[in-house]
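I have placed the structure first, in the form of structure tokens, so that the comments after it can refer back to it.
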Amino acid sequence: LDGTEEGDFIDYDYLVVGLGAETNLELAKGAKEFALPFNTLDDVRELEQRLQDIEDEGRPDVSIAVVGGGAGGVELAASVADRLQSTMGDLARGAVKLYVAGSDVMEDFAEDAREVAREALGSKSIEVLTNQRVEKVSPERKEGDETGSKYSVTVSAKGQEEQQEVSYDLVLWTAGQRATPLSGLSPSSEAKEPMTIEPTLRVTNREREFALGDIAGMQFPATAQVAMQQADYCAWNLFASIHSEPMLNFRYQHLGKLTTLGSLAGTATLSLPGVGEVTLKGPVASALRKLAYVYRMPTNQQRLKVGSEWLQNPEMWVPPELPKDIKDLEKLNPFVGAPNLDKLFDEKEVRDALQGFYERIQAERAKRV
């Protein structure tokens, strides 16, 4: 275990591995040391502090690079642009640049969704630099400044031999997601590659180990949607393994793709039976994504907690174009100071949720008999 003396370990009867993914900062020299990933709560707090420092300085030449043209990079770029526009106004216009190694953003999404994303990024004055790969990130040294207050990004453009160096106040890295490396969990998990698993989500040749999500290495998209569907199957198969019941093979049901492009913008590509994929955009898509997030919370207590916190935060539902002092007026937000509705529910909610899950599994199993 990390943080313990060598040789410390935990015994288990059954093991479920779901460590998710991490940002691959080894794709460019210096990225690990000088670029900021966006994966963990610590990353969020660090970004919040960095942005606060930039806003406090109030310089007219703010520049932020976001590396990665997938949904994560697009969402992050849009959110940062909204944040800076809300706090700095016109000083932040054009401050965010998005580097995309491919020819378009969100290449695994439908064309309609990509078009909406391009329009949203343009409306926020975010410059999208396609076919450009970041090769190196390094601090800019100034006399008397040991650490460097800005960063130099070395970029290579497709079809061009000469590289370009650009200066930024902050470099955010979302490119190259990979399964979190494993070490020390079991003899089957010493490699840094995704685990080899059976259709039942059981690790190959390990009867008491299961895996789900990005670490599972199955031929499915590396999304939360897949991992959450796998969780239901994994829980049942764990129960079935303990009680010598037949296990179920995982079957993925694609429900669509949702993205946020700021507080009140987004795309929602839904798979409708008999119709195919339909893409929605704007506030409707943004609301659908928020509702989907709340719905997937395990209990009503957590749903109310997340929902009430969002309602009390104007950044989640008030247009970013409004001045910050107006959005902060509590009298305009009837939800500020509201009671903690999540306290209406207790641990009984957890038990009820688990019971409901068990009943759904039983019903699914009955259909297959």
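Letters A, B, ... mark the chains of the structure tokens in the order given; residue numbers begin at 1 per chain; ligand numbers begin at 1, in order shown.
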Using only C-alpha atoms, find each residue in segment 124-181 of chain A having at least one atom no more than 8 Å away from segment 36-59 of chain A; report its shortest atom-to-atom pair and that distance in Å (one decimal), rows by chain then rising number, as a tab-separated table.
residue	atom	partner	partner_atom	distance
A:Leu170	CA	A:Arg50	CA	7.9
A:Val171	CA	A:Leu36	CA	6.2
A:Leu172	CA	A:Leu36	CA	4.8
A:Trp173	CA	A:Pro37	CA	4.8
A:Thr174	CA	A:Pro37	CA	6.1
Take the residues from that selection and write them out as a short mmCIF file (atom, residue, chain, number, x, y, z; two decimals), in the first residue's frame, keeping N, CA, C and O atoms.
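Result file is out14.cif:
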data_model
loop_
_atom_site.label_atom_id
_atom_site.label_comp_id
_atom_site.auth_asym_id
_atom_site.auth_seq_id
_atom_site.Cartn_x
_atom_site.Cartn_y
_atom_site.Cartn_z
N LEU A 170 -0.69 29.67 -17.65
CA LEU A 170 -1.11 28.39 -17.07
C LEU A 170 -1.32 27.38 -18.19
O LEU A 170 -1.87 27.73 -19.24
N VAL A 171 -0.87 26.15 -17.97
CA VAL A 171 -1.05 25.08 -18.95
C VAL A 171 -1.86 23.96 -18.30
O VAL A 171 -1.43 23.37 -17.30
N LEU A 172 -3.03 23.69 -18.84
CA LEU A 172 -3.92 22.64 -18.34
C LEU A 172 -3.87 21.46 -19.29
O LEU A 172 -3.98 21.63 -20.50
N TRP A 173 -3.74 20.24 -18.73
CA TRP A 173 -3.50 19.06 -19.56
C TRP A 173 -4.61 18.04 -19.37
O TRP A 173 -4.85 17.55 -18.27
N THR A 174 -5.31 17.71 -20.48
CA THR A 174 -6.36 16.68 -20.44
C THR A 174 -6.10 15.57 -21.46
O THR A 174 -6.87 14.63 -21.54
#
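Look at segment 228-230 of chain A: the protein and nucleic acid residues within 8 Å of it, using only C-alpha atoms and passing over chain neighbours fewer than 5 places away, are Leu201, Leu212, Gly213, Phe250 and Tyr252 of chain A.
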Between A:Thr180, A:Ser156, A:Ser149, A:Asn237, smallest distance to Leu129 of chain A by only C-alpha atoms belongs to A:Ser156
Here atom CA of Glu33 of chain A and atom CA of Asp104 of chain A stand apart by 27.6 Å
Members of segment 89-303 of chain A assigned strand (DSSP E or B) by DSSP, as an MDAnalysis selection string: chainID A and resid 96:99 127:129 132:142 145:157 164:168 170:173 177:179 197 202:203 209:211 256:260 266:272 276:281
Who sits within 10 Å of Ala28 of chain A, only C-alpha atoms, same chain under 6 positions skipped, as a list in words: Ala35, Arg133, Val134, Glu135, Lys136, Val137, Val153 and Thr154 of chain A
Kindly save the residues from that selection, with N, CA and C atoms included, as a JSON list (two decimals), in the first residue's frame.
[["chain", "number", "residue", "atom", "x", "y", "z"],
["A", 35, "ALA", "N", 2.71, 21.23, -16.14],
["A", 35, "ALA", "CA", 1.30, 21.31, -16.58],
["A", 35, "ALA", "C", 0.40, 20.80, -15.46],
["A", 133, "ARG", "N", 0.43, 19.61, -31.91],
["A", 133, "ARG", "CA", 0.79, 18.76, -30.79],
["A", 133, "ARG", "C", 1.79, 19.47, -29.88],
["A", 134, "VAL", "N", 1.49, 19.47, -28.59],
["A", 134, "VAL", "CA", 2.40, 20.07, -27.61],
["A", 134, "VAL", "C", 3.53, 19.08, -27.33],
["A", 135, "GLU", "N", 4.76, 19.50, -27.57],
["A", 135, "GLU", "CA", 5.92, 18.63, -27.41],
["A", 135, "GLU", "C", 6.65, 18.86, -26.11],
["A", 136, "LYS", "N", 6.55, 20.07, -25.55],
["A", 136, "LYS", "CA", 7.34, 20.40, -24.37],
["A", 136, "LYS", "C", 6.68, 21.53, -23.59],
["A", 137, "VAL", "N", 6.77, 21.46, -22.27],
["A", 137, "VAL", "CA", 6.32, 22.53, -21.38],
["A", 137, "VAL", "C", 7.47, 22.87, -20.45],
["A", 153, "VAL", "N", 5.40, 26.86, -24.06],
["A", 153, "VAL", "CA", 4.88, 25.64, -24.66],
["A", 153, "VAL", "C", 5.47, 25.50, -26.06],
["A", 154, "THR", "N", 6.13, 24.38, -26.31],
["A", 154, "THR", "CA", 6.69, 24.10, -27.62],
["A", 154, "THR", "C", 5.70, 23.27, -28.42]]
Skipping near chain neighbours, those fewer than 5 positions away, what residues fall within 10 Å of Leu76 of chain A using only C-alpha atoms, listed as a PDB file with C-alpha atoms, in the first residue's frame?
ATOM      1  CA  PHE A  38      -7.672  17.834 -14.162  1.00  0.00           C
ATOM      2  CA  VAL A  66      -5.720  23.741 -22.554  1.00  0.00           C
ATOM      3  CA  VAL A  67      -4.141  20.649 -24.124  1.00  0.00           C
ATOM      4  CA  GLY A  68      -6.506  17.952 -25.401  1.00  0.00           C
ATOM      5  CA  ALA A  71     -14.764  16.141 -24.352  1.00  0.00           C
ATOM      6  CA  ALA A  81     -13.381  30.904 -20.259  1.00  0.00           C
ATOM      7  CA  ASP A  82     -16.741  31.442 -18.541  1.00  0.00           C
ATOM      8  CA  LEU A  98      -7.294  24.861 -26.983  1.00  0.00           C
ATOM      9  CA  LEU A 172      -3.919  22.643 -18.335  1.00  0.00           C
ATOM     10  CA  TRP A 173      -3.498  19.058 -19.556  1.00  0.00           C
ATOM     11  CA  THR A 174      -6.356  16.681 -20.439  1.00  0.00           C
ATOM     12  CA  THR A 260     -21.260  20.783 -20.837  1.00  0.00           C
ATOM     13  CA  LEU A 261     -19.953  23.852 -22.620  1.00  0.00           C
ATOM     14  CA  GLY A 262     -20.249  26.332 -19.787  1.00  0.00           C
TER      15      GLY A 262
END
Please provide the set of residues having any atom within 8 Å of segment 205-211 of chain A, restricted to only C-alpha atoms, with same-chain residues fewer than 5 positions apart removed, written as a ChimeraX atom specification.
/A:13-18,188,195,197,216,234,238,241
*Non-local contacts of His254 of chain A (9 Å; only C-alpha atoms; under 6 positions in same chain excluded) as a PyMOL selection string*: chain A and resi 225-226+270-271
- Message: So that I can check the surroundings of Gly256 of chain A, please list as a PyMOL selection string every protein, DNA and RNA residue that reaches within 12 Å of it, counting only C-alpha atoms and ignoring chain neighbours fewer than 2 positions away.
- Response: chain A and resi 108-110+113+221+223-226+252-254+258-259+267-273+276-280+285+288-289+292
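Among the candidates A:Ala222, A:Val96, A:Leu91, A:Ala175, the residue lying nearest to Asn24 of chain A is A:Ala175 (atoms considered: only C-alpha atoms).
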